[in-house]
>>> print(open('input02.csv').read())   # CSV, C-alpha atoms
chain,number,residue,atom,x,y,z
A,1,THR,CA,22.5,-59.0,43.6
A,2,THR,CA,24.7,-57.1,41.2
A,3,THR,CA,23.1,-55.5,38.1
A,4,THR,CA,25.4,-54.6,35.2
A,5,THR,CA,24.1,-52.1,32.6
A,6,THR,CA,25.8,-52.0,29.2
A,7,THR,CA,25.3,-48.9,27.1
A,8,THR,CA,25.8,-49.2,23.3
A,9,THR,CA,27.0,-46.0,21.6
A,10,THR,CA,26.4,-45.6,17.9
A,11,THR,CA,29.0,-43.4,16.2
A,12,THR,CA,27.7,-41.4,13.3
A,13,ASP,CA,30.2,-39.9,10.9
A,14,ALA,CA,29.5,-36.2,10.7
A,15,PHE,CA,30.7,-36.0,7.1
A,16,ASP,CA,27.9,-36.5,4.6
A,17,GLY,CA,29.2,-37.0,1.1
A,18,TRP,CA,25.9,-36.1,-0.4
A,19,LEU,CA,26.3,-32.6,0.9
A,20,LEU,CA,29.9,-32.2,-0.4
A,21,TYR,CA,28.7,-30.4,-3.5
A,22,ASP,CA,25.8,-27.9,-3.4
A,23,ALA,CA,24.8,-26.7,-6.9
A,24,CYS,CA,23.1,-23.5,-5.6
A,25,SER,CA,26.1,-22.4,-3.6
A,26,GLU,CA,28.5,-23.2,-6.5
A,27,TYR,CA,26.5,-21.2,-9.0
A,28,ALA,CA,26.1,-18.4,-6.5
A,29,ARG,CA,30.0,-18.4,-6.2
A,30,MET,CA,30.0,-17.7,-10.0
A,31,GLY,CA,27.4,-14.9,-9.7
A,32,VAL,CA,24.3,-16.8,-10.7
A,33,VAL,CA,21.4,-16.9,-8.4
A,34,MET,CA,18.3,-19.0,-8.2
A,35,GLN,CA,15.2,-17.7,-9.9
A,36,ASN,CA,12.6,-17.1,-7.2
A,37,ASP,CA,9.3,-17.4,-8.9
A,38,ASN,CA,6.6,-19.9,-9.8
A,39,ASP,CA,8.6,-21.1,-12.8
A,40,SER,CA,11.6,-22.3,-10.8
A,41,GLY,CA,10.4,-23.4,-7.4
A,42,GLY,CA,11.9,-20.6,-5.3
A,43,GLY,CA,14.7,-20.5,-2.8
A,44,ALA,CA,18.0,-18.6,-2.8
A,45,ALA,CA,21.7,-18.9,-2.2
A,46,ALA,CA,24.0,-16.2,-0.9
A,47,LEU,CA,26.4,-14.7,-3.4
A,48,ALA,CA,30.1,-15.0,-2.6
A,49,PRO,CA,31.7,-11.8,-1.2
A,50,GLY,CA,32.4,-9.2,-3.8
A,51,VAL,CA,30.5,-11.1,-6.6
A,52,ALA,CA,27.7,-9.3,-8.3
A,53,ALA,CA,24.6,-11.1,-9.6
A,54,ASP,CA,24.6,-11.7,-13.3
A,55,ALA,CA,21.1,-11.0,-14.6
A,56,ALA,CA,21.8,-12.8,-17.9
A,57,TRP,CA,21.6,-16.2,-16.3
A,58,LYS,CA,19.2,-18.0,-13.9
A,59,LEU,CA,19.3,-21.2,-11.9
A,60,VAL,CA,16.1,-23.3,-12.1
A,61,ASP,CA,14.9,-26.6,-10.8
A,62,TRP,CA,13.1,-27.7,-14.0
A,63,ASN,CA,14.7,-31.1,-13.8
A,64,ALA,CA,13.6,-31.7,-10.2
A,65,GLU,CA,12.0,-35.0,-11.2
A,66,TYR,CA,14.7,-35.9,-13.7
A,67,THR,CA,12.1,-36.0,-16.5
A,68,LEU,CA,13.7,-33.3,-18.6
A,69,CYS,CA,17.0,-35.2,-18.7
A,70,ASP,CA,17.7,-38.2,-16.6
A,71,SER,CA,21.5,-37.8,-16.7
A,72,TYR,CA,21.5,-34.1,-15.7
A,73,PRO,CA,21.3,-32.8,-12.1
A,74,ARG,CA,18.1,-31.2,-10.6
A,75,TRP,CA,19.4,-27.7,-11.0
A,76,LEU,CA,20.0,-26.2,-14.4
A,77,CYS,CA,21.5,-22.9,-15.3
A,78,VAL,CA,20.1,-21.3,-18.5
A,79,PRO,CA,19.9,-17.7,-19.9
A,80,THR,CA,17.2,-15.6,-18.2
A,81,SER,CA,15.3,-15.2,-21.5
A,82,ILE,CA,14.7,-18.9,-21.9
A,83,SER,CA,11.3,-20.3,-20.7
A,84,ARG,CA,10.6,-23.7,-19.3
A,85,VAL,CA,8.6,-24.6,-22.4
A,86,THR,CA,11.5,-23.7,-24.7
A,87,ALA,CA,13.9,-25.7,-22.6
A,88,GLY,CA,11.6,-28.7,-22.8
A,89,VAL,CA,11.5,-28.5,-26.6
A,90,CYS,CA,15.3,-28.2,-26.8
A,91,ALA,CA,15.7,-31.3,-24.6
A,92,GLN,CA,13.6,-33.3,-27.1
A,93,PHE,CA,15.9,-32.1,-30.0
A,94,ARG,CA,19.1,-33.1,-28.2
A,95,ASP,CA,20.5,-36.6,-27.9
A,96,ARG,CA,19.3,-38.2,-24.6
A,97,GLY,CA,17.7,-34.9,-23.6
A,98,ARG,CA,21.0,-33.1,-22.8
A,99,LEU,CA,20.1,-29.6,-23.8
A,100,PRO,CA,22.8,-26.8,-23.6
A,101,VAL,CA,23.2,-25.6,-20.0
A,102,LEU,CA,25.8,-23.6,-18.2
A,103,SER,CA,28.6,-25.5,-16.5
A,104,TRP,CA,31.0,-22.7,-15.6
A,105,ARG,CA,31.1,-19.0,-15.7
A,106,PHE,CA,34.1,-16.7,-15.0
A,107,ARG,CA,32.6,-14.4,-12.3
A,108,GLY,CA,34.9,-11.5,-13.3
A,109,PHE,CA,33.4,-10.6,-16.7
A,110,GLY,CA,31.3,-13.4,-17.9
A,111,PRO,CA,32.9,-15.8,-20.3
A,112,ALA,CA,31.0,-19.1,-20.0
A,113,LEU,CA,31.3,-22.8,-20.7
A,114,CYS,CA,28.2,-24.8,-21.5
A,115,ARG,CA,27.6,-28.5,-22.2
A,116,SER,CA,25.2,-30.5,-24.3
A,117,SER,CA,24.8,-33.5,-26.5
A,118,GLN,CA,24.6,-33.5,-30.3
A,119,PRO,CA,21.4,-32.1,-31.9
A,120,LEU,CA,19.2,-34.6,-33.6
A,121,VAL,CA,19.4,-33.1,-37.1
A,122,GLY,CA,19.6,-36.5,-39.0
A,123,LEU,CA,19.9,-37.0,-42.7
A,124,ARG,CA,17.0,-34.6,-43.4
A,125,SER,CA,18.8,-31.8,-41.6
A,126,ALA,CA,15.9,-31.3,-39.1
A,127,THR,CA,15.8,-27.9,-37.4
A,128,CYS,CA,14.5,-26.7,-34.1
A,129,GLU,CA,13.7,-23.0,-33.7
A,130,GLN,CA,13.8,-23.3,-29.9
A,131,ASP,CA,17.2,-24.9,-29.9
A,132,GLN,CA,18.5,-22.1,-32.1
A,133,GLN,CA,17.0,-19.6,-29.7
A,134,LEU,CA,18.7,-21.2,-26.8
A,135,LEU,CA,22.2,-21.1,-28.4
A,136,THR,CA,21.6,-17.5,-29.4
A,137,ALA,CA,20.6,-16.6,-25.9
A,138,ILE,CA,23.7,-18.3,-24.5
A,139,ARG,CA,25.9,-16.3,-26.9
A,140,ILE,CA,24.2,-13.0,-25.9
A,141,ALA,CA,24.3,-13.9,-22.2
A,142,ALA,CA,28.0,-14.5,-22.2
A,143,ALA,CA,28.8,-11.5,-24.5
A,144,ALA,CA,26.6,-9.1,-22.5
A,145,ALA,CA,28.6,-9.8,-19.3
A,146,THR,CA,31.9,-8.8,-20.8
A,147,ALA,CA,33.6,-5.6,-19.5
A,148,PRO,CA,32.9,-3.1,-20.7
A,149,PRO,CA,29.6,-4.2,-22.3
A,150,SER,CA,28.6,-2.7,-25.6
A,151,ALA,CA,26.1,-3.3,-28.4
A,152,SER,CA,29.0,-4.2,-30.8
A,153,THR,CA,30.4,-6.7,-28.4
A,154,VAL,CA,27.1,-8.6,-28.1
A,155,THR,CA,26.6,-8.4,-31.9
A,156,ASN,CA,30.0,-9.5,-33.0
A,157,THR,CA,31.0,-12.2,-30.4
A,158,PRO,CA,30.5,-15.6,-32.0
A,159,LEU,CA,29.5,-18.7,-30.1
A,160,ILE,CA,32.2,-21.4,-30.5
A,161,VAL,CA,30.9,-25.0,-30.4
A,162,ILE,CA,33.7,-27.4,-29.4
A,163,ASP,CA,32.8,-30.8,-30.9
A,164,ALA,CA,35.2,-33.5,-29.5
A,165,ARG,CA,34.5,-35.8,-32.4
A,166,PRO,CA,36.2,-36.0,-35.8
A,167,LYS,CA,33.9,-34.3,-38.4
A,168,ALA,CA,33.6,-37.6,-40.2
A,169,ASN,CA,32.1,-39.2,-37.1
A,170,ALA,CA,29.7,-36.3,-36.7
A,171,LEU,CA,28.5,-36.7,-40.3
A,172,GLY,CA,28.2,-40.5,-39.7
A,173,ASN,CA,26.0,-39.9,-36.7
A,174,GLN,CA,23.5,-38.3,-39.0
A,175,ALA,CA,22.9,-41.6,-40.7
A,176,ARG,CA,22.6,-43.8,-37.6
A,177,SER,CA,18.8,-44.0,-37.9
A,178,LEU,CA,19.3,-46.1,-41.0
A,179,GLY,CA,20.9,-48.8,-38.8
A,180,GLY,CA,18.1,-48.8,-36.2
A,181,PHE,CA,20.2,-46.9,-33.7
A,182,GLY,CA,17.7,-44.2,-32.8
A,183,PRO,CA,17.3,-40.8,-34.4
A,184,GLY,CA,20.1,-39.4,-36.5
A,185,GLY,CA,22.5,-37.1,-34.8
A,186,GLY,CA,24.8,-34.5,-36.3
A,187,PHE,CA,26.0,-31.0,-35.3
A,188,GLU,CA,25.0,-27.4,-35.3
A,189,GLY,CA,24.5,-26.0,-38.8
A,190,ALA,CA,24.6,-29.5,-40.3
A,191,ASP,CA,23.0,-28.2,-43.5
A,192,PHE,CA,26.7,-27.4,-44.5
A,193,ARG,CA,25.8,-23.7,-44.7
A,194,GLY,CA,25.5,-23.0,-41.0
A,195,GLU,CA,22.5,-20.8,-41.5
A,196,ASP,CA,20.4,-22.5,-38.9
A,197,TYR,CA,22.6,-21.2,-36.1
A,198,ASN,CA,23.5,-17.6,-36.5
A,199,ASP,CA,27.0,-16.5,-35.3
A,200,CYS,CA,27.8,-20.1,-34.3
A,201,ARG,CA,31.2,-21.6,-35.3
A,202,VAL,CA,31.8,-25.4,-34.9
A,203,GLU,CA,35.4,-26.6,-34.1
A,204,PHE,CA,36.1,-30.3,-34.3
A,205,CYS,CA,38.7,-31.8,-32.0
A,206,GLY,CA,39.2,-35.0,-33.8
A,207,ILE,CA,39.1,-37.3,-30.7
A,208,GLY,CA,38.2,-40.8,-31.6
A,209,SER,CA,35.2,-42.8,-30.4
A,210,ILE,CA,35.0,-44.5,-27.0
A,211,HIS,CA,36.4,-47.7,-28.6
A,212,VAL,CA,39.4,-45.9,-30.0
A,213,MET,CA,40.0,-44.2,-26.6
A,214,ARG,CA,39.7,-47.4,-24.7
A,215,ASP,CA,42.2,-49.1,-27.0
A,216,SER,CA,44.6,-46.1,-26.5
A,217,TRP,CA,44.2,-46.4,-22.7
A,218,MET,CA,44.9,-50.1,-22.8
A,219,ARG,CA,48.1,-49.6,-24.8
A,220,MET,CA,49.3,-47.0,-22.3
A,221,TYR,CA,48.4,-49.3,-19.4
A,222,ALA,CA,50.4,-52.1,-21.0
A,223,LEU,CA,53.4,-49.8,-21.6
A,224,PHE,CA,53.5,-48.7,-18.0
A,225,ASN,CA,53.1,-52.3,-16.8
A,226,LYS,CA,56.1,-53.3,-19.0
A,227,ALA,CA,58.2,-50.4,-17.6
A,228,GLY,CA,57.2,-51.4,-14.0
A,229,ASP,CA,58.3,-55.0,-14.6
A,230,GLY,CA,61.7,-53.9,-15.8
A,231,GLY,CA,60.9,-54.1,-19.4
A,232,GLY,CA,59.7,-57.7,-19.1
A,233,GLY,CA,63.2,-59.0,-18.5
A,234,GLY,CA,62.6,-60.7,-15.2
A,235,GLY,CA,63.0,-57.6,-13.0
A,236,GLY,CA,61.2,-57.4,-9.7
A,237,GLY,CA,59.3,-54.2,-10.4
A,238,GLY,CA,55.6,-54.2,-9.3
A,239,SER,CA,52.7,-54.0,-11.7
A,240,THR,CA,50.4,-51.0,-12.1
A,241,ASP,CA,46.9,-51.8,-10.8
>>> encode(input="input02.csv", output="structure tokens")
Amino acid sequence: TTTTTTTTTTTTDAFDGWLLYDACSEYARMGVVMQNDNDSGGGAAALAPGVAADAAWKLVDWNAEYTLCDSYPRWLCVPTSISRVTAGVCAQFRDRGRLPVLSWRFRGFGPALCRSSQPLVGLRSATCEQDQQLLTAIRIAAAAATAPPSASTVTNTPLIVIDARPKANALGNQARSLGGFGPGGGFEGADFRGEDYNDCRVEFCGIGSIHVMRDSWMRMYALFNKAGDGGGGGGGGGSTD
């Protein structure tokens, strides 16, 4: 009697795409470390060689359950002076909960890029003290890290808000509540005086809405397709997919 044994081997790919990006390590590379106390959940990531910790910013897991903002990651980077309660109020004052948080920081001397959605000021020019505090804290955190730091640098450095929309669209968003499209939006300092956000300057880029951008993309796609087909004259060029 001959017995044959067959062994089935399961091959597991060693590469895990979910581990490709690690927020804690990435922020540590920029000089920001995780806050290790009861307010953040603890933990730590090693700083990159030669990178000093920036005490002006902290990494927290206040969005661990994605209840603060369901389209933001678990880990958020905010100025050290901002509390969890303040961040929560800010999220309620921002469209879809997207409060201002750090996206990138130059680890050399501190200039920072933050992201957020529009504030919900509406037609009545609603204000939020906590939101103003957060933007002021961001301005101070970025300015305080410049080299060499000085009181005049922190005081005189403005916070520049880059709004991708045309200003007319931003003003129109203030009135969207009239059409039943949720709370009115707007922009920082939408009382036309800018007094609500000290040392904050808004720059509008004039980029059209998603519908305008989609139409622009389709026109470009059609143009390249036409060129690939030899100008539509019966050539054998392949199409762009």
>>> atom_distance(input="input02.csv", atom1="CA of Phe187 (chain A)", atom2="CA of Asp70 (chain A)")
21.7 Å
>>> atom_distance(input="input02.csv", atom1="CA of Val33 (chain A)", atom2="CA of Thr86 (chain A)")
20.2 Å
>>> closest_residue(input="input02.csv", among="A:Gly122, A:Pro79, A:Pro183, A:Gly208", to="Ala168 (chain A)", atoms="only C-alpha atoms")
A:Gly208
>>> atom_distance(input="input02.csv", atom1="CA of Cys69 (chain A)", atom2="CA of Glu188 (chain A)")
20.0 Å
>>> closest_atom_pairs(input="input02.csv", of="region 76-126 of chain A", to="region 60-65 of chain A", cutoff="12 Å", atoms="all atoms listed in the file", output="tab-separated table")
residue	atom	partner	partner_atom	distance
A:Leu76	CA	A:Val60	CA	5.4
A:Cys77	CA	A:Val60	CA	6.3
A:Val78	CA	A:Val60	CA	7.8
A:Pro79	CA	A:Val60	CA	10.3
A:Thr80	CA	A:Val60	CA	9.9
A:Ile82	CA	A:Val60	CA	10.8
A:Ser83	CA	A:Trp62	CA	10.1
A:Arg84	CA	A:Trp62	CA	7.1
A:Val85	CA	A:Trp62	CA	10.0
A:Thr86	CA	A:Trp62	CA	11.5
A:Ala87	CA	A:Trp62	CA	8.9
A:Gly88	CA	A:Trp62	CA	9.0
A:Ala91	CA	A:Asn63	CA	10.8
A:Gly97	CA	A:Asn63	CA	10.9
A:Arg98	CA	A:Asn63	CA	11.2
A:Leu99	CA	A:Asn63	CA	11.5
A:Val101	CA	A:Val60	CA	10.9
A:Leu102	CA	A:Val60	CA	11.5
>>> closest_residue(input="input02.csv", among="A:Ser25, A:Ala164, A:Val89, A:Ala141", to="Arg115 (chain A)", atoms="all atoms listed in the file")
A:Ala164
>>> residues_around(input="input02.csv", residues="Leu135 (chain A)", least_positions_apart="2", cutoff="10 Å", atoms="only C-alpha atoms", output="PyMOL selection string")
chain A and resi 79+99-101+114+130-133+137-141+159+161+188+197-200
>>> closest_residue(input="input02.csv", among="A:Asp229, A:Phe106, A:Arg165, A:Ala55", to="Val212 (chain A)", atoms="only C-alpha atoms")
A:Arg165
>>> closest_residue(input="input02.csv", among="A:Leu20, A:Ser71, A:Ile160, A:Thr136", to="Leu113 (chain A)", atoms="only C-alpha atoms")
A:Ile160
>>> residues_around(input="input02.csv", residues="Gln174 (chain A)", least_positions_apart="5", cutoff="12 Å", atoms="all atoms listed in the file", output="ChimeraX atom specification")
/A:95,118-126,167-169,179,181-188,190-191
>>> write_last_selection(input="input02.csv", atoms="C-alpha atoms", output="PDB file, in the frame of the given file")
ATOM      1  CA  ASP A  95      20.500 -36.600 -27.900  1.00  0.00           C
ATOM      2  CA  GLN A 118      24.600 -33.500 -30.300  1.00  0.00           C
ATOM      3  CA  PRO A 119      21.400 -32.100 -31.900  1.00  0.00           C
ATOM      4  CA  LEU A 120      19.200 -34.600 -33.600  1.00  0.00           C
ATOM      5  CA  VAL A 121      19.400 -33.100 -37.100  1.00  0.00           C
ATOM      6  CA  GLY A 122      19.600 -36.500 -39.000  1.00  0.00           C
ATOM      7  CA  LEU A 123      19.900 -37.000 -42.700  1.00  0.00           C
ATOM      8  CA  ARG A 124      17.000 -34.600 -43.400  1.00  0.00           C
ATOM      9  CA  SER A 125      18.800 -31.800 -41.600  1.00  0.00           C
ATOM     10  CA  ALA A 126      15.900 -31.300 -39.100  1.00  0.00           C
ATOM     11  CA  LYS A 167      33.900 -34.300 -38.400  1.00  0.00           C
ATOM     12  CA  ALA A 168      33.600 -37.600 -40.200  1.00  0.00           C
ATOM     13  CA  ASN A 169      32.100 -39.200 -37.100  1.00  0.00           C
ATOM     14  CA  GLY A 179      20.900 -48.800 -38.800  1.00  0.00           C
ATOM     15  CA  PHE A 181      20.200 -46.900 -33.700  1.00  0.00           C
ATOM     16  CA  GLY A 182      17.700 -44.200 -32.800  1.00  0.00           C
ATOM     17  CA  PRO A 183      17.300 -40.800 -34.400  1.00  0.00           C
ATOM     18  CA  GLY A 184      20.100 -39.400 -36.500  1.00  0.00           C
ATOM     19  CA  GLY A 185      22.500 -37.100 -34.800  1.00  0.00           C
ATOM     20  CA  GLY A 186      24.800 -34.500 -36.300  1.00  0.00           C
ATOM     21  CA  PHE A 187      26.000 -31.000 -35.300  1.00  0.00           C
ATOM     22  CA  GLU A 188      25.000 -27.400 -35.300  1.00  0.00           C
ATOM     23  CA  ALA A 190      24.600 -29.500 -40.300  1.00  0.00           C
ATOM     24  CA  ASP A 191      23.000 -28.200 -43.500  1.00  0.00           C
TER      25      ASP A 191
END
